[in-house]
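Listing of query34.tsv; format and content: TSV, C-alpha atoms.
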```tsv
chain	number	residue	atom	x	y	z
A	1387	MET	CA	69.98	-33.94	-18.27
A	1388	ARG	CA	68.23	-34.72	-21.54
A	1389	SER	CA	64.45	-34.58	-21.68
A	1390	PHE	CA	64.03	-38.37	-21.97
A	1391	GLU	CA	66.32	-39.05	-19.00
A	1392	LEU	CA	64.57	-36.32	-16.99
A	1393	SER	CA	61.19	-37.91	-17.74
A	1394	VAL	CA	62.40	-41.32	-16.60
A	1395	PHE	CA	63.89	-39.78	-13.45
A	1396	ILE	CA	60.63	-37.96	-12.60
A	1397	LEU	CA	58.59	-41.11	-13.32
A	1398	THR	CA	60.85	-43.12	-11.02
A	1399	LEU	CA	60.45	-40.58	-8.23
A	1400	MET	CA	56.66	-40.58	-8.69
A	1401	LEU	CA	56.62	-44.39	-8.48
A	1402	PHE	CA	58.88	-44.43	-5.44
A	1403	PHE	CA	56.76	-41.96	-3.52
A	1404	SER	CA	53.41	-43.29	-4.71
A	1405	PRO	CA	51.03	-44.73	-2.07
A	1406	ALA	CA	51.01	-48.14	-3.79
A	1407	PHE	CA	54.81	-48.40	-3.73
A	1408	ALA	CA	54.94	-47.23	-0.15
A	1409	THR	CA	52.32	-49.82	0.84
A	1410	VAL	CA	54.23	-52.68	-0.83
A	1411	SER	CA	57.53	-51.52	0.69
A	1412	ALA	CA	55.96	-51.23	4.15
A	1413	ALA	CA	54.43	-54.70	3.85
A	1414	ARG	CA	57.77	-56.15	2.79
A	1415	SER	CA	59.57	-54.41	5.64
A	1416	GLN	CA	57.00	-55.65	8.18
A	1417	GLN	CA	57.37	-59.19	6.87
A	1418	GLN	CA	61.17	-59.03	7.15
A	1419	ASP	CA	60.82	-57.95	10.78
A	1420	PHE	CA	58.27	-60.72	11.27
A	1421	MET	CA	60.66	-63.36	9.90
A	1422	ARG	CA	63.73	-62.26	11.87
A	1423	GLN	CA	62.21	-63.40	15.13
A	1424	PHE	CA	62.37	-67.00	13.85
A	1425	GLN	CA	66.07	-66.89	12.95
A	1426	THR	CA	68.38	-69.20	14.93
A	1427	SER	CA	71.70	-70.97	14.44
A	1428	ARG	CA	69.90	-73.63	12.38
A	1429	VAL	CA	67.40	-71.42	10.52
A	1430	LEU	CA	68.81	-68.47	8.57
A	1431	PHE	CA	66.81	-65.86	6.64
A	1432	PRO	CA	69.33	-64.35	4.19
A	1433	ASP	CA	68.83	-60.91	2.66
A	1434	GLU	CA	69.18	-59.92	-0.99
A	1435	ASN	CA	72.92	-59.28	-0.61
A	1436	SER	CA	73.65	-62.68	0.88
A	1437	PRO	CA	75.70	-65.32	-0.99
A	1438	TYR	CA	72.54	-67.45	-0.75
A	1439	ALA	CA	70.56	-65.01	-2.89
A	1440	ALA	CA	69.98	-65.41	-6.64
A	1441	ARG	CA	72.73	-66.82	-8.84
A	1442	THR	CA	73.05	-67.14	-12.59
A	1443	ASP	CA	74.97	-70.43	-12.95
A	1444	GLY	CA	72.74	-73.22	-14.16
A	1445	GLN	CA	69.68	-71.04	-14.63
A	1446	TYR	CA	67.48	-70.90	-17.69
A	1447	SER	CA	69.01	-68.84	-20.48
A	1448	ALA	CA	67.80	-65.26	-21.00
A	1449	PRO	CA	66.08	-66.02	-24.38
A	1450	LEU	CA	64.29	-69.01	-22.90
A	1451	ARG	CA	63.18	-67.04	-19.84
A	1452	PHE	CA	61.86	-64.28	-22.11
A	1453	LEU	CA	59.94	-66.81	-24.19
A	1454	LEU	CA	58.41	-68.57	-21.18
A	1455	GLN	CA	57.94	-65.73	-18.70
A	1456	ASP	CA	57.15	-62.81	-21.00
A	1457	PHE	CA	56.17	-63.71	-24.55
A	1458	LEU	CA	54.00	-66.77	-23.72
A	1459	ALA	CA	53.23	-65.86	-20.10
A	1460	TRP	CA	49.71	-66.03	-18.71
A	1461	THR	CA	48.30	-65.24	-15.28
A	1462	PRO	CA	46.03	-67.79	-13.59
A	1463	SER	CA	42.90	-66.36	-11.99
A	1464	GLY	CA	42.25	-69.15	-9.52
A	1465	GLU	CA	38.57	-69.15	-10.43
A	1466	GLY	CA	36.86	-72.53	-10.53
A	1467	ARG	CA	34.43	-73.68	-13.19
A	1468	ALA	CA	30.69	-73.48	-12.62
A	1469	LEU	CA	29.26	-76.93	-11.91
A	1470	SER	CA	25.82	-78.23	-12.81
A	1471	SER	CA	23.35	-79.18	-10.09
A	1472	LYS	CA	24.11	-82.89	-10.49
A	1473	CYS	CA	27.79	-82.19	-9.74
A	1474	ALA	CA	27.32	-79.59	-7.01
A	1475	THR	CA	29.99	-79.80	-4.32
A	1476	GLU	CA	27.37	-79.74	-1.54
A	1477	LEU	CA	25.55	-82.75	-3.02
A	1478	TRP	CA	28.62	-84.95	-3.27
A	1479	SER	CA	29.99	-83.77	0.04
A	1480	ALA	CA	26.77	-84.91	1.72
A	1481	ARG	CA	27.08	-88.30	0.00
A	1482	PHE	CA	30.63	-88.74	1.27
A	1483	GLN	CA	29.54	-87.79	4.80
A	1484	ASP	CA	26.93	-90.54	4.86
A	1485	ALA	CA	27.74	-92.89	7.78
A	1486	ARG	CA	27.61	-95.98	5.59
A	1487	VAL	CA	30.19	-94.51	3.18
A	1488	HIS	CA	32.33	-93.09	5.98
A	1489	ASN	CA	32.79	-96.56	7.49
A	1490	SER	CA	33.50	-98.47	4.27
A	1491	ILE	CA	36.62	-98.06	2.15
A	1492	GLN	CA	34.93	-100.05	-0.64
A	1493	LEU	CA	31.96	-97.67	-0.75
A	1494	GLN	CA	34.29	-94.65	-0.65
A	1495	GLY	CA	36.22	-95.98	-3.64
A	1496	ALA	CA	33.04	-96.75	-5.57
A	1497	LEU	CA	31.65	-93.29	-4.88
A	1498	ILE	CA	34.88	-91.61	-6.02
A	1499	GLN	CA	34.77	-93.63	-9.25
A	1500	LYS	CA	31.17	-92.57	-9.83
A	1501	TYR	CA	32.03	-88.93	-9.11
A	1502	LEU	CA	34.87	-89.00	-11.65
A	1503	LYS	CA	32.68	-90.71	-14.24
A	1504	ASP	CA	29.67	-88.41	-13.83
A	1505	CYS	CA	31.47	-85.09	-13.21
A	1506	GLY	CA	35.04	-85.42	-14.45
A	1507	GLU	CA	34.45	-83.39	-17.59
A	1508	GLU	CA	32.89	-80.54	-15.59
A	1509	PHE	CA	35.78	-79.92	-13.21
A	1510	ALA	CA	38.65	-80.78	-15.56
A	1511	THR	CA	40.46	-77.58	-16.60
A	1512	GLY	CA	43.51	-78.92	-18.44
A	1513	HIS	CA	44.12	-80.58	-21.79
A	1514	ASP	CA	44.70	-84.16	-22.84
A	1515	SER	CA	47.81	-83.11	-24.76
A	1516	MET	CA	51.05	-83.49	-22.78
A	1517	PHE	CA	52.65	-80.70	-24.84
A	1518	SER	CA	49.78	-78.28	-24.13
A	1519	ASN	CA	49.83	-79.03	-20.42
A	1520	PHE	CA	53.61	-78.72	-20.23
A	1521	THR	CA	53.55	-75.39	-22.07
A	1522	LYS	CA	50.81	-73.99	-19.82
A	1523	MET	CA	52.70	-75.13	-16.75
A	1524	MET	CA	56.02	-73.61	-17.84
A	1525	THR	CA	54.53	-70.26	-18.95
A	1526	MET	CA	52.46	-69.55	-15.84
A	1527	LYS	CA	53.25	-66.05	-14.58
A	1528	TYR	CA	54.47	-65.96	-10.99
A	1529	GLU	CA	57.18	-63.94	-9.26
A	1530	PRO	CA	57.72	-65.63	-5.88
A	1531	HIS	CA	60.70	-63.48	-4.86
A	1532	ALA	CA	58.61	-60.31	-5.21
A	1533	HIS	CA	55.95	-61.80	-2.93
A	1534	PRO	CA	55.88	-60.08	0.49
A	1535	PHE	CA	54.97	-63.31	2.30
A	1536	LEU	CA	57.64	-65.59	0.74
A	1537	HIS	CA	61.20	-65.53	2.07
A	1538	ARG	CA	64.45	-67.35	1.41
A	1539	VAL	CA	65.50	-69.59	4.27
A	1540	VAL	CA	68.61	-71.76	4.74
A	1541	PHE	CA	68.61	-74.77	7.08
A	1542	SER	CA	71.93	-75.78	8.62
A	1543	LEU	CA	71.97	-79.58	8.84
A	1544	PRO	CA	74.60	-81.95	10.26
A	1545	GLY	CA	77.72	-82.40	8.15
A	1546	ASN	CA	77.76	-78.69	7.28
A	1547	ILE	CA	74.91	-79.22	4.83
A	1548	LYS	CA	73.16	-76.03	3.75
A	1549	LEU	CA	69.67	-76.67	2.45
A	1550	LYS	CA	67.97	-73.69	0.85
A	1551	GLY	CA	64.25	-73.11	0.84
A	1552	LEU	CA	61.45	-70.63	0.29
A	1553	LEU	CA	59.20	-70.18	3.32
A	1554	GLY	CA	55.67	-68.88	3.00
A	1555	LEU	CA	54.00	-67.66	6.21
A	1556	LYS	CA	50.59	-66.01	6.24
A	1557	GLY	CA	51.85	-63.16	8.42
A	1558	ASP	CA	49.93	-63.92	11.59
A	1559	PHE	CA	50.82	-65.96	14.66
A	1560	LYS	CA	48.16	-68.57	14.03
A	1561	LYS	CA	49.26	-72.19	14.17
A	1562	ARG	CA	48.66	-73.78	10.79
A	1563	PRO	CA	49.47	-77.01	8.98
A	1564	LEU	CA	52.85	-76.60	7.25
A	1565	VAL	CA	53.31	-78.30	3.88
A	1566	VAL	CA	56.94	-79.06	2.99
A	1567	ILE	CA	57.39	-79.24	-0.80
A	1568	ARG	CA	60.48	-80.97	-2.20
A	1569	LEU	CA	61.30	-79.82	-5.74
A	1570	GLY	CA	62.13	-82.00	-8.74
A	1571	ILE	CA	65.35	-82.69	-10.61
A	1572	PHE	CA	67.70	-79.69	-11.09
A	1573	SER	CA	65.22	-77.35	-9.38
A	1574	ASN	CA	66.15	-74.73	-6.82
A	1575	VAL	CA	64.08	-72.09	-5.07
A	1576	GLU	CA	65.39	-69.29	-7.28
A	1577	GLU	CA	63.92	-70.87	-10.41
A	1578	PHE	CA	61.28	-73.60	-10.26
A	1579	MET	CA	58.95	-73.15	-13.22
A	1580	PRO	CA	57.38	-76.65	-13.28
A	1581	GLU	CA	56.44	-76.53	-9.59
A	1582	ARG	CA	55.04	-72.99	-9.32
A	1583	ALA	CA	51.43	-74.13	-9.59
A	1584	TRP	CA	51.73	-76.26	-6.45
A	1585	LEU	CA	53.14	-73.38	-4.42
A	1586	MET	CA	50.34	-71.11	-5.65
A	1587	MET	CA	47.59	-73.60	-4.85
A	1588	LEU	CA	48.92	-74.68	-1.45
A	1589	PHE	CA	49.85	-71.20	-0.22
A	1590	GLU	CA	47.62	-68.74	-2.10
A	1591	GLN	CA	44.43	-70.80	-2.29
A	1592	ALA	CA	44.64	-72.87	0.89
A	1593	PRO	CA	45.05	-72.19	4.63
A	1594	PHE	CA	48.54	-73.74	4.80
A	1595	ASN	CA	51.93	-72.28	5.49
A	1596	VAL	CA	54.42	-73.69	2.99
A	1597	LEU	CA	58.13	-74.51	2.94
A	1598	MET	CA	59.59	-75.24	-0.50
A	1599	LEU	CA	62.99	-76.99	-0.45
A	1600	GLU	CA	65.53	-77.31	-3.25
A	1601	ASN	CA	66.47	-80.61	-4.84
A	1602	MET	CA	69.95	-81.97	-4.13
A	1603	SER	CA	70.53	-81.98	-7.90
A	1604	GLY	CA	69.84	-78.23	-8.06
A	1605	THR	CA	72.65	-75.87	-9.00
A	1606	ASP	CA	72.38	-73.91	-5.73
A	1607	PHE	CA	72.78	-77.03	-3.60
A	1608	VAL	CA	75.89	-77.91	-5.61
A	1609	ALA	CA	77.29	-74.39	-5.07
A	1610	ASP	CA	76.57	-74.31	-1.33
A	1611	ASN	CA	77.81	-77.78	-0.38
A	1612	SER	CA	80.97	-79.84	-0.72
A	1613	ARG	CA	79.17	-83.15	-1.25
A	1614	PHE	CA	76.90	-83.99	-4.17
A	1615	SER	CA	74.38	-86.76	-4.57
A	1616	PHE	CA	70.80	-87.25	-5.67
A	1617	GLY	CA	67.91	-89.54	-4.91
A	1618	GLY	CA	65.46	-90.46	-2.22
A	1619	TYR	CA	67.70	-91.93	0.47
A	1620	ASP	CA	69.76	-88.78	1.08
A	1621	GLU	CA	66.80	-86.44	0.63
A	1622	ALA	CA	64.70	-88.55	2.99
A	1623	ILE	CA	67.32	-88.10	5.70
A	1624	GLN	CA	67.27	-84.34	5.05
A	1625	ASN	CA	63.46	-84.30	5.13
A	1626	ILE	CA	63.51	-85.98	8.54
A	1627	LEU	CA	66.15	-83.55	9.87
A	1628	VAL	CA	64.21	-80.51	8.63
A	1629	GLY	CA	61.00	-81.89	10.14
A	1630	GLN	CA	62.73	-82.34	13.49
A	1631	ILE	CA	63.89	-78.70	13.40
A	1632	LEU	CA	60.39	-77.50	12.57
A	1633	LYS	CA	58.92	-79.52	15.46
A	1634	ASP	CA	61.67	-78.66	17.96
A	1635	PRO	CA	60.06	-76.58	20.76
A	1636	ASN	CA	63.35	-74.70	21.16
A	1637	GLU	CA	62.93	-73.32	17.63
A	1638	PRO	CA	60.67	-70.21	17.51
A	1639	LEU	CA	59.30	-71.33	14.14
A	1640	SER	CA	57.78	-74.44	15.77
A	1641	LYS	CA	55.20	-72.20	17.48
A	1642	LEU	CA	53.50	-71.73	14.09
A	1643	VAL	CA	53.49	-75.43	13.15
A	1644	GLU	CA	50.24	-77.24	13.88
A	1645	SER	CA	51.21	-80.29	11.82
A	1646	LEU	CA	53.73	-81.24	9.12
A	1647	HIS	CA	52.92	-82.66	5.68
A	1648	LEU	CA	55.44	-83.71	3.03
A	1649	PHE	CA	54.82	-83.21	-0.71
A	1650	GLY	CA	57.33	-84.14	-3.43
A	1651	VAL	CA	57.41	-83.57	-7.18
A	1652	SER	CA	59.16	-85.98	-9.58
A	1653	LEU	CA	62.65	-86.74	-8.22
A	1654	GLY	CA	61.68	-84.88	-5.02
A	1655	GLY	CA	58.85	-87.40	-4.67
A	1656	HIS	CA	61.41	-90.21	-4.34
A	1657	GLY	CA	62.68	-88.63	-1.11
A	1658	VAL	CA	59.12	-88.16	0.12
A	1659	LEU	CA	58.32	-91.85	-0.35
A	1660	TYR	CA	61.55	-92.81	1.39
A	1661	ALA	CA	60.86	-90.36	4.25
A	1662	SER	CA	57.51	-92.06	4.82
A	1663	LEU	CA	59.50	-95.24	5.46
A	1664	LEU	CA	61.69	-93.49	8.06
A	1665	ASN	CA	58.93	-91.43	9.66
A	1666	ASP	CA	57.74	-93.71	12.46
A	1667	LEU	CA	61.26	-94.51	13.65
A	1668	ASN	CA	62.22	-90.82	13.81
A	1669	SER	CA	59.08	-89.24	15.28
A	1670	PRO	CA	58.73	-87.78	18.77
A	1671	LYS	CA	56.74	-89.89	21.19
A	1672	GLY	CA	53.00	-89.60	20.86
A	1673	GLN	CA	52.76	-88.01	17.40
A	1674	PRO	CA	54.14	-88.68	13.90
A	1675	LEU	CA	56.77	-86.23	12.71
A	1676	TYR	CA	55.00	-85.89	9.34
A	1677	GLN	CA	51.29	-86.62	9.30
A	1678	SER	CA	50.88	-87.15	5.56
A	1679	PHE	CA	52.92	-87.79	2.40
A	1680	LEU	CA	52.10	-87.07	-1.22
A	1681	GLY	CA	54.18	-87.74	-4.33
A	1682	MET	CA	53.27	-85.94	-7.55
A	1683	CYS	CA	54.57	-88.14	-10.41
A	1684	PRO	CA	57.26	-89.46	-8.03
A	1685	VAL	CA	60.30	-91.41	-9.12
A	1686	VAL	CA	59.98	-94.91	-7.63
A	1687	ASN	CA	62.84	-96.90	-9.18
A	1688	ILE	CA	65.71	-94.42	-9.48
A	1689	GLU	CA	68.21	-96.82	-11.10
A	1690	GLU	CA	65.78	-97.73	-13.88
A	1691	ASN	CA	64.85	-94.07	-14.38
A	1692	MET	CA	68.48	-93.04	-14.74
A	1693	LYS	CA	69.10	-95.83	-17.25
A	1694	ASN	CA	66.14	-94.67	-19.32
A	1695	LEU	CA	67.30	-91.03	-19.25
A	1696	THR	CA	70.76	-91.97	-20.49
A	1697	SER	CA	69.94	-94.70	-23.04
A	1698	GLU	CA	66.78	-93.73	-24.92
A	1699	LYS	CA	68.19	-91.88	-27.94
A	1700	PRO	CA	67.70	-89.24	-29.31
A	1701	PHE	CA	65.83	-88.10	-26.15
A	1702	SER	CA	68.90	-88.85	-24.04
A	1703	PHE	CA	70.95	-86.35	-26.10
A	1704	LEU	CA	68.57	-83.53	-25.17
A	1705	VAL	CA	68.56	-84.63	-21.53
A	1706	ASP	CA	72.34	-84.64	-21.50
A	1707	LEU	CA	72.62	-81.11	-22.90
A	1708	TRP	CA	70.01	-79.91	-20.41
A	1709	SER	CA	71.89	-81.60	-17.56
A	1710	GLN	CA	75.13	-79.86	-18.50
A	1711	LYS	CA	73.39	-76.51	-18.47
A	1712	ARG	CA	71.57	-77.05	-15.18
A	1713	LEU	CA	74.64	-78.48	-13.41
A	1714	ALA	CA	77.11	-75.97	-14.81
A	1715	GLY	CA	79.02	-75.67	-11.52
A	1716	LEU	CA	79.36	-79.38	-10.79
A	1717	ALA	CA	82.79	-79.73	-12.43
A	1718	LYS	CA	84.24	-77.43	-9.75
A	1719	LYS	CA	83.19	-79.90	-7.04
A	1720	MET	CA	83.47	-83.16	-9.00
A	1721	THR	CA	86.37	-82.62	-11.39
A	1722	ALA	CA	86.13	-86.10	-12.90
A	1723	VAL	CA	82.97	-85.15	-14.81
A	1724	GLU	CA	84.97	-82.70	-16.92
A	1725	ASN	CA	86.41	-85.61	-18.88
A	1726	HIS	CA	83.34	-86.99	-20.58
A	1727	GLU	CA	82.58	-87.96	-24.15
A	1728	SER	CA	80.03	-86.11	-26.27
A	1729	PHE	CA	76.49	-86.43	-24.90
A	1730	ALA	CA	77.83	-88.42	-21.95
A	1731	PHE	CA	77.82	-85.83	-19.17
A	1732	LEU	CA	74.89	-87.36	-17.30
A	1733	PRO	CA	76.19	-90.97	-17.40
A	1734	LYS	CA	79.58	-89.72	-16.19
A	1735	MET	CA	77.96	-87.76	-13.37
A	1736	ILE	CA	75.90	-90.76	-12.27
A	1737	SER	CA	78.88	-93.11	-12.36
A	1738	GLU	CA	80.96	-90.67	-10.29
A	1739	VAL	CA	78.23	-90.33	-7.67
A	1740	VAL	CA	78.00	-94.12	-7.41
A	1741	ARG	CA	81.81	-94.50	-7.29
A	1742	THR	CA	82.44	-91.85	-4.63
A	1743	TYR	CA	79.32	-92.38	-2.48
A	1744	HIS	CA	79.95	-92.86	1.25
A	1745	GLY	CA	76.39	-93.21	2.53
A	1746	GLY	CA	73.73	-90.77	3.64
A	1747	LEU	CA	74.52	-91.21	7.33
A	1748	SER	CA	78.25	-90.63	6.91
A	1749	TYR	CA	77.77	-87.22	8.54
A	1750	VAL	CA	74.83	-87.77	10.91
A	1751	SER	CA	74.11	-90.64	13.32
A	1752	SER	CA	70.79	-89.49	14.78
A	1753	VAL	CA	68.51	-90.74	11.98
A	1754	LYS	CA	67.24	-94.27	12.58
A	1755	LEU	CA	66.90	-96.74	9.70
A	1756	PRO	CA	64.37	-99.59	9.45
A	1757	ALA	CA	65.39	-103.22	9.80
A	1758	GLY	CA	67.12	-104.44	6.66
A	1759	VAL	CA	68.55	-101.04	5.69
A	1760	GLU	CA	72.24	-100.57	6.46
A	1761	ASP	CA	73.99	-97.32	5.58
A	1762	GLY	CA	77.04	-97.64	3.35
A	1763	PRO	CA	78.54	-96.95	-0.08
A	1764	GLN	CA	75.98	-98.97	-2.09
A	1765	PHE	CA	74.16	-96.05	-3.75
A	1766	PHE	CA	71.50	-97.75	-5.85
A	1767	GLN	CA	70.87	-100.50	-3.30
A	1768	LEU	CA	70.19	-97.90	-0.60
A	1769	ASN	CA	67.84	-95.99	-2.90
A	1770	ASP	CA	65.83	-99.15	-3.61
A	1771	PHE	CA	63.41	-98.51	-0.74
A	1772	TRP	CA	60.38	-100.36	-2.13
A	1773	LYS	CA	61.54	-103.80	-0.93
A	1774	ASN	CA	61.53	-102.51	2.66
A	1775	TYR	CA	57.83	-101.62	2.69
```

Please render this file's structure as structure tokens.
Amino acid sequence: MRSFELSVFILTLMLFFSPAFATVSAARSQQQDFMRQFQTSRVLFPDENSPYAARTDGQYSAPLRFLLQDFLAWTPSGEGRALSSKCATELWSARFQDARVHNSIQLQGALIQKYLKDCGEEFATGHDSMFSNFTKMMTMKYEPHAHPFLHRVVFSLPGNIKLKGLLGLKGDFKKRPLVVIRLGIFSNVEEFMPERAWLMMLFEQAPFNVLMLENMSGTDFVADNSRFSFGGYDEAIQNILVGQILKDPNEPLSKLVESLHLFGVSLGGHGVLYASLLNDLNSPKGQPLYQSFLGMCPVVNIEENMKNLTSEKPFSFLVDLWSQKRLAGLAKKMTAVENHESFAFLPKMISEVVRTYHGGLSYVSSVKLPAGVEDGPQFFQLNDFWKNY
């Protein structure tokens, strides 16, 4: 063995047998044992050798990953900014706790406006530039699959639907609020750069357990399922089904769930808004299934959004190329999209989804719909939830 190879070999052995490595390995092993007790026929925790583990189809290219995750990468500290005495948290907290404010929505709104006006500059940490914010968001350093408290999970839903997620549990048996995060367009739990900050804040900096779920437009969902769609109606049904599993007393995981909260980003926010419409009808008696809903830049009118993405040139050309990359495996499941004109992949995909759609309840009859909503093949009409509020 040459001297260089011998040095590498010795260094590897030293790392493997080092106390730090042993501690990390032991923690990971303990967490794996911890998670296995929650595995059932509907909740699977796959290992690294599972078909549900990392794939390469549809992922960011190696040069782009190097640029974003290595060359431009930065590590957030989580430290807040020092506030002046006039903006002290204790001062404003006391003002919000005042009985007069507590009992008046108008006074609450006025006080929030005053807080933002007087102290906004002190607690703002971002930039006004969209490009700067986007770059900072995409280059944030985070390796969720090396985290000892984050684990892949696959939910088996009716219709042989496999919905992949990333579950973060604190490692104790304490009941906690569980925040379910639904990712944005093309995102899956193997690679979700734009949404990493939300996982870090909700799991690392807050007392919540967190479940992050892939988007139906993500490449892994396409690979794992025979049907393909996108949008709030279908994802809302899935959100309800997952919530029912998490609240089912026959599921061991339910013992750690104090309450459920649904959070959606971009296209994932469309399903969150729609789920809020279905929530009351599909909750167990005495308590809402989900107790809160939050959309971060949610899609509201999906038909209008899709028209904008496919018609505003030259931006639509870039979107189309990006769509082809992110949905590289779709042609295997939806062969008609192979025959598309230049820069027309996304319009072809949308038209095929609309043409072949059979309804979100075509494989499950247990989810109740509000008055005025009738399941069927009308894709965009079903996704137009706003008129039913």

>> Report as a PyMOL selection string all protein, DNA and RNA residues lying within 9 Å of Asn1574 of chain A, evaluated on all atoms listed in the file, omitting residues in the same chain fewer than 2 positions from it.
In response: chain A and resi 1550-1551+1569-1572+1576-1578+1599-1607

> With all atoms listed in the file as the atoms that count, which of A:Leu1664, A:Ser1737, A:Ile1688, A:Gly1672 lies nearest to Ser1752 of chain A?
Replying inline: A:Leu1664

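The coordinates place atom CA of Met1526 of chain A at 8.1 Å from atom CA of Leu1454 of chain A.
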
> If we count all atoms listed in the file, what is near segment 1458-1471 of chain A at a cut-off of 8 Å, once residues fewer than 4 positions away on the same chain are taken out, given as a VMD selection string?
Replying inline: chain A and resid 1453 to 1454 1508 to 1509 1511 1525 to 1528 1591

Could you give me, as JSON lines, every segment 1530-1610 of chain A residue with an atom at most 7 Å from segment 1642-1660 of chain A, plus its closest atom pair and distance in Å to one decimal, counting all atoms listed in the file, rows ordered by chain then number?
```
{"residue": "A:Phe1559", "atom": "CA", "partner": "A:Leu1642", "partner_atom": "CA", "distance": 6.4}
{"residue": "A:Lys1560", "atom": "CA", "partner": "A:Leu1642", "partner_atom": "CA", "distance": 6.2}
{"residue": "A:Lys1561", "atom": "CA", "partner": "A:Leu1642", "partner_atom": "CA", "distance": 4.3}
{"residue": "A:Arg1562", "atom": "CA", "partner": "A:Glu1644", "partner_atom": "CA", "distance": 4.9}
{"residue": "A:Pro1563", "atom": "CA", "partner": "A:Ser1645", "partner_atom": "CA", "distance": 4.7}
{"residue": "A:Leu1564", "atom": "CA", "partner": "A:Leu1646", "partner_atom": "CA", "distance": 5.1}
{"residue": "A:Val1565", "atom": "CA", "partner": "A:His1647", "partner_atom": "CA", "distance": 4.7}
{"residue": "A:Val1566", "atom": "CA", "partner": "A:Leu1648", "partner_atom": "CA", "distance": 4.9}
{"residue": "A:Ile1567", "atom": "CA", "partner": "A:Phe1649", "partner_atom": "CA", "distance": 4.7}
{"residue": "A:Arg1568", "atom": "CA", "partner": "A:Gly1650", "partner_atom": "CA", "distance": 4.6}
{"residue": "A:Leu1569", "atom": "CA", "partner": "A:Gly1654", "partner_atom": "CA", "distance": 5.1}
{"residue": "A:Gly1570", "atom": "CA", "partner": "A:Gly1654", "partner_atom": "CA", "distance": 4.7}
{"residue": "A:Ile1571", "atom": "CA", "partner": "A:Leu1653", "partner_atom": "CA", "distance": 5.4}
{"residue": "A:Asn1601", "atom": "CA", "partner": "A:Gly1654", "partner_atom": "CA", "distance": 6.4}
```
